Amino acid sequence: VRYLILSDIHANLEALDAVMTAAGQDGYDKIICLGDIVGYGADPNACVDRVRGIASSVIRGNHDRACAGLEDLEWFNPVAKAAVVWTTQTLTEVNRAWVEHLPRGPMAVNGFEIVHGSPADEDEYVCQVAEASQLTGYLDADVTFFGHTHLQGGFAYYRGGVQRIPPLSPDEQRRETVLDPGVRYLINPGSVGQPRDGDPRASWAVFVPEEHVVVYRRIPYDIAGAAGKIVDAGLPPILARRLEIGQ
Ligand SMILES: [Fe+2]
């Protein structure tokens, strides 16, 4: 079975469509979504409609939770907060209710696990080796997929210590990583709709458990189109700029 792993779509329909087209050409059997379908981008309803129709397993992210009205917004910075308020007003009631009832991770999927932030806390950012090292006791499966940081790559838990898996370099579109037996992995497919690793291309991953392979992928998309919609919607213009620079 080939699992298409999507995270942090953030209401970016142009990125999601580009990823689905490219992933369709590569081939996949099931779609897994690690949360943050909405928040920041201008197409929350279209992105919810897409994901609801095609994903076999979905967990919520912190933006999904906030946009569904499940928390007060004191922890969000002013730009994120403005996007949450806009998204809450823009979501249809059917879509808002669907987002509200998304399960929280960790979720077990056929022998692997999915989380939004970390296996310990759905809101935790796992960016550094030191942070990843704290999570050794929380890894219940050989492979756990996480998002939230919008940084493609992840961490490999070797006996001698944790090693960082870097994102694709700007000239790569694809990298196959063969998973070592006896090593645990925390794998981040990167963000579909708002990459922050300095590479503005949409990110995703494909997991083939039978072959012990993770394929990291990256593809350009219509950034100008997505950015223009953000400005036209009256969302903070910095959210358009972020898409252009991948930060
Ligand atoms: Fe996110």
# chains A, B, ... in the order shown; residues from 1 in each chain; ligands from 1
$ select_by_dssp --residues "region 29-120 of chain A" --states "helix (DSSP H, G or I)" --output "count of residues only"
38
$ residues_around --residues "Leu151 (chain A)" --least-positions-apart "3" --cutoff "10 Å" --atoms "only C-alpha atoms" --output "count of residues only"
19
$ closest_residue --among "A:Ile31, A:Ile5, A:Leu139, A:Val38" --to "Ala80 (chain A)" --atoms "only C-alpha atoms"
A:Val38
$ residues_near_ligand --ligand "ligand 1" --cutoff "10 Å" --atoms "only C-alpha atoms and all ligand atoms" --output "list in words"
Ser7, Asp8, Ile9, His10, Leu34, Gly35, Asp36, Ile37, Val38, Gly39, Tyr40, Gly61, Asn62, His63, Asp64, His116, Gly117, Asp123, Gly147, His148, Thr149, His150, Gly190, Ser191, Val192, Gly193, Gln194, Pro195 and Arg196 of chain A
$ write_last_selection --atoms "N, CA, C and O atoms" --output "mmCIF file, in the first residue's frame"
data_model
loop_
_atom_site.group_PDB
_atom_site.id
_atom_site.type_symbol
_atom_site.label_atom_id
_atom_site.label_comp_id
_atom_site.auth_asym_id
_atom_site.auth_seq_id
_atom_site.Cartn_x
_atom_site.Cartn_y
_atom_site.Cartn_z
ATOM 1 N N SER A 7 0.357 17.235 5.004
ATOM 2 C CA SER A 7 0.232 17.990 6.242
ATOM 3 C C SER A 7 0.185 19.484 5.961
ATOM 4 O O SER A 7 0.697 19.946 4.932
ATOM 5 N N ASP A 8 -0.423 20.231 6.878
ATOM 6 C CA ASP A 8 -0.374 21.695 6.836
ATOM 7 C C ASP A 8 -0.718 22.259 5.451
ATOM 8 O O ASP A 8 0.063 22.992 4.854
ATOM 9 N N ILE A 9 -1.913 21.913 5.018
ATOM 10 C CA ILE A 9 -2.426 22.424 3.735
ATOM 11 C C ILE A 9 -2.756 23.915 3.869
ATOM 12 O O ILE A 9 -2.535 24.700 2.934
ATOM 13 N N HIS A 10 -3.295 24.288 5.020
ATOM 14 C CA HIS A 10 -3.548 25.708 5.344
ATOM 15 C C HIS A 10 -4.328 26.447 4.254
ATOM 16 O O HIS A 10 -3.981 27.574 3.873
ATOM 17 N N LEU A 34 -2.287 15.064 8.245
ATOM 18 C CA LEU A 34 -1.776 15.298 9.595
ATOM 19 C C LEU A 34 -2.285 16.595 10.219
ATOM 20 O O LEU A 34 -1.743 17.044 11.231
ATOM 21 N N GLY A 35 -3.283 17.218 9.630
ATOM 22 C CA GLY A 35 -3.917 18.377 10.260
ATOM 23 C C GLY A 35 -3.466 19.721 9.728
ATOM 24 O O GLY A 35 -2.569 19.808 8.888
ATOM 25 N N ASP A 36 -4.120 20.768 10.246
ATOM 26 C CA ASP A 36 -3.998 22.134 9.727
ATOM 27 C C ASP A 36 -4.397 22.195 8.247
ATOM 28 O O ASP A 36 -3.640 22.622 7.373
ATOM 29 N N ILE A 37 -5.619 21.766 8.017
ATOM 30 C CA ILE A 37 -6.208 21.863 6.677
ATOM 31 C C ILE A 37 -6.548 23.321 6.389
ATOM 32 O O ILE A 37 -6.434 23.779 5.247
ATOM 33 N N VAL A 38 -6.960 24.055 7.428
ATOM 34 C CA VAL A 38 -7.373 25.455 7.243
ATOM 35 C C VAL A 38 -6.497 26.390 8.090
ATOM 36 O O VAL A 38 -5.689 25.953 8.899
ATOM 37 N N GLY A 39 -6.713 27.695 7.876
ATOM 38 C CA GLY A 39 -5.936 28.719 8.570
ATOM 39 C C GLY A 39 -4.826 29.221 7.679
ATOM 40 O O GLY A 39 -4.076 28.415 7.122
ATOM 41 N N TYR A 40 -4.740 30.544 7.497
ATOM 42 C CA TYR A 40 -3.764 31.279 6.685
ATOM 43 C C TYR A 40 -4.213 31.515 5.253
ATOM 44 O O TYR A 40 -4.122 32.621 4.755
ATOM 45 N N GLY A 61 -5.259 19.737 13.447
ATOM 46 C CA GLY A 61 -4.119 20.543 13.856
ATOM 47 C C GLY A 61 -4.597 21.685 14.728
ATOM 48 O O GLY A 61 -5.806 21.875 14.934
ATOM 49 N N ASN A 62 -3.654 22.459 15.235
ATOM 50 C CA ASN A 62 -4.021 23.560 16.126
ATOM 51 C C ASN A 62 -4.854 24.621 15.420
ATOM 52 O O ASN A 62 -5.744 25.225 16.012
ATOM 53 N N HIS A 63 -4.604 24.859 14.135
ATOM 54 C CA HIS A 63 -5.406 25.844 13.402
ATOM 55 C C HIS A 63 -6.815 25.316 13.133
ATOM 56 O O HIS A 63 -7.777 26.088 13.149
ATOM 57 N N ASP A 64 -6.943 24.022 12.874
ATOM 58 C CA ASP A 64 -8.280 23.444 12.699
ATOM 59 C C ASP A 64 -9.094 23.647 13.970
ATOM 60 O O ASP A 64 -10.265 24.033 13.930
ATOM 61 N N HIS A 116 -0.015 15.519 14.978
ATOM 62 C CA HIS A 116 0.153 16.841 14.367
ATOM 63 C C HIS A 116 1.483 17.453 14.802
ATOM 64 O O HIS A 116 2.365 17.669 13.978
ATOM 65 N N GLY A 117 1.657 17.711 16.102
ATOM 66 C CA GLY A 117 2.890 18.342 16.578
ATOM 67 C C GLY A 117 3.937 17.335 16.992
ATOM 68 O O GLY A 117 4.990 17.209 16.375
ATOM 69 N N ASP A 123 0.476 20.276 20.095
ATOM 70 C CA ASP A 123 0.900 21.657 19.852
ATOM 71 C C ASP A 123 2.410 21.852 19.935
ATOM 72 O O ASP A 123 2.903 22.977 19.830
ATOM 73 N N GLY A 147 3.687 16.835 11.657
ATOM 74 C CA GLY A 147 3.714 18.073 10.881
ATOM 75 C C GLY A 147 3.969 19.247 11.796
ATOM 76 O O GLY A 147 4.861 19.201 12.635
ATOM 77 N N HIS A 148 3.181 20.308 11.627
ATOM 78 C CA HIS A 148 3.142 21.453 12.539
ATOM 79 C C HIS A 148 4.307 22.436 12.338
ATOM 80 O O HIS A 148 4.117 23.643 12.418
ATOM 81 N N THR A 149 5.518 21.938 12.094
ATOM 82 C CA THR A 149 6.671 22.846 11.929
ATOM 83 C C THR A 149 6.770 23.383 10.511
ATOM 84 O O THR A 149 7.454 24.372 10.280
ATOM 85 N N HIS A 150 6.139 22.715 9.551
ATOM 86 C CA HIS A 150 6.238 23.087 8.136
ATOM 87 C C HIS A 150 7.665 22.929 7.619
ATOM 88 O O HIS A 150 8.073 23.610 6.679
ATOM 89 N N GLY A 190 6.633 17.713 5.395
ATOM 90 C CA GLY A 190 6.660 19.127 5.006
ATOM 91 C C GLY A 190 5.243 19.642 4.821
ATOM 92 O O GLY A 190 4.269 18.899 4.945
ATOM 93 N N SER A 191 5.131 20.921 4.538
ATOM 94 C CA SER A 191 3.824 21.552 4.419
ATOM 95 C C SER A 191 3.406 21.659 2.962
ATOM 96 O O SER A 191 4.174 22.109 2.115
ATOM 97 N N VAL A 192 2.164 21.238 2.703
ATOM 98 C CA VAL A 192 1.603 21.427 1.360
ATOM 99 C C VAL A 192 1.471 22.931 1.067
ATOM 100 O O VAL A 192 1.915 23.421 0.037
ATOM 101 N N GLY A 193 0.857 23.650 1.990
ATOM 102 C CA GLY A 193 0.374 24.987 1.650
ATOM 103 C C GLY A 193 1.092 26.173 2.239
ATOM 104 O O GLY A 193 0.759 27.314 1.900
ATOM 105 N N GLN A 194 2.102 25.950 3.120
ATOM 106 C CA GLN A 194 2.853 27.092 3.641
ATOM 107 C C GLN A 194 4.223 26.626 4.134
ATOM 108 O O GLN A 194 4.527 26.649 5.323
ATOM 109 N N PRO A 195 5.101 26.207 3.193
ATOM 110 C CA PRO A 195 6.424 25.719 3.596
ATOM 111 C C PRO A 195 7.215 26.814 4.318
ATOM 112 O O PRO A 195 7.085 27.986 3.999
ATOM 113 N N ARG A 196 8.010 26.394 5.311
ATOM 114 C CA ARG A 196 8.812 27.360 6.076
ATOM 115 C C ARG A 196 10.282 26.986 6.126
ATOM 116 O O ARG A 196 11.017 27.476 6.974
#
$ closest_atom_pairs --of "region 6-116 of chain A" --to "region 216-234 of chain A" --cutoff "7 Å" --atoms "only C-alpha atoms" --output "tab-separated table"
residue	atom	partner	partner_atom	distance
A:Asn12	CA	A:Ala226	CA	6.4
A:Glu14	CA	A:Asp222	CA	5.9
A:Ala15	CA	A:Tyr221	CA	5.7
A:Ala18	CA	A:Tyr221	CA	5.9
A:Gly41	CA	A:Ile230	CA	6.1
A:Ala42	CA	A:Ile230	CA	5.2
$ atom_distance --atom1 "CA of Ala83 (chain A)" --atom2 "CA of Leu235 (chain A)"
6.3 Å
$ residues_around --residues "Tyr185 (chain A)" --least-positions-apart "3" --cutoff "6 Å" --atoms "only C-alpha atoms" --output "MDAnalysis selection string"
chainID A and resid 143 155:156
$ residues_around --residues "Glu211 (chain A)" --least-positions-apart "2" --cutoff "10 Å" --atoms "only C-alpha atoms" --output "PyMOL selection string"
chain A and resi 1-2+178-179+207-209+213-214
$ atom_distance --atom1 "CA of Glu172 (chain A)" --atom2 "CA of Tyr157 (chain A)"
24.6 Å
$ select_by_dssp --residues "region 27-161 of chain A" --states "strand (DSSP E)" --output "CSV table (one decimal) with C-alpha atoms, in the first residue's frame"
chain,number,residue,atom,x,y,z
A,30,LYS,CA,-4.6,5.9,0.5
A,31,ILE,CA,-4.4,9.5,1.7
A,32,ILE,CA,-3.4,10.5,5.3
A,33,CYS,CA,-3.7,14.0,6.6
A,57,SER,CA,-7.3,9.1,8.0
A,58,VAL,CA,-7.3,12.7,9.2
A,107,MET,CA,-3.7,8.0,15.7
A,108,ALA,CA,-2.6,4.5,14.8
A,109,VAL,CA,-2.8,3.7,11.1
A,112,PHE,CA,2.4,3.4,12.0
A,113,GLU,CA,1.3,6.5,13.8
A,114,ILE,CA,0.3,10.0,12.9
A,143,VAL,CA,7.4,5.1,12.0
A,144,THR,CA,5.5,8.2,13.2
A,145,PHE,CA,4.5,11.0,10.8
A,153,GLY,CA,12.5,15.9,6.9
A,154,GLY,CA,12.4,14.6,10.4
A,155,PHE,CA,14.6,12.4,12.7
A,156,ALA,CA,16.0,8.9,12.8
A,157,TYR,CA,16.5,7.4,16.3
A,158,TYR,CA,19.7,5.4,16.0
A,161,GLY,CA,21.7,9.1,19.0
$ residues_around --residues "Lys81 (chain A)" --least-positions-apart "2" --cutoff "10 Å" --atoms "only C-alpha atoms" --output "list in words"
Gly39, Tyr40, His63, Ala66, Cys67, Asp72, Leu73, Glu74, Trp75, Phe76, Asn77, Pro78, Val79, Ala83, Val84, Val85, Trp86 and Thr87 of chain A
$ write_last_selection --atoms "C-alpha atoms" --output "PDB file, in the first residue's frame"
ATOM      1  CA  GLY A  39      -5.936  28.719   8.570  1.00  0.00           C
ATOM      2  CA  TYR A  40      -3.764  31.279   6.685  1.00  0.00           C
ATOM      3  CA  HIS A  63      -5.406  25.844  13.402  1.00  0.00           C
ATOM      4  CA  ALA A  66      -8.974  27.299  16.565  1.00  0.00           C
ATOM      5  CA  CYS A  67     -10.920  27.876  13.331  1.00  0.00           C
ATOM      6  CA  ASP A  72      -9.732  31.277  22.783  1.00  0.00           C
ATOM      7  CA  LEU A  73      -7.015  32.841  20.695  1.00  0.00           C
ATOM      8  CA  GLU A  74      -4.673  34.337  23.255  1.00  0.00           C
ATOM      9  CA  TRP A  75      -1.824  32.045  22.175  1.00  0.00           C
ATOM     10  CA  PHE A  76      -1.998  33.098  18.535  1.00  0.00           C
ATOM     11  CA  ASN A  77       0.062  35.985  17.215  1.00  0.00           C
ATOM     12  CA  PRO A  78      -1.926  38.860  15.616  1.00  0.00           C
ATOM     13  CA  VAL A  79      -1.480  37.621  12.034  1.00  0.00           C
ATOM     14  CA  ALA A  83      -6.527  34.462   9.767  1.00  0.00           C
ATOM     15  CA  VAL A  84      -8.398  32.333  12.326  1.00  0.00           C
ATOM     16  CA  VAL A  85     -11.155  34.937  12.675  1.00  0.00           C
ATOM     17  CA  TRP A  86     -11.492  35.271   8.880  1.00  0.00           C
ATOM     18  CA  THR A  87     -11.523  31.478   8.441  1.00  0.00           C
TER      19      THR A  87
END
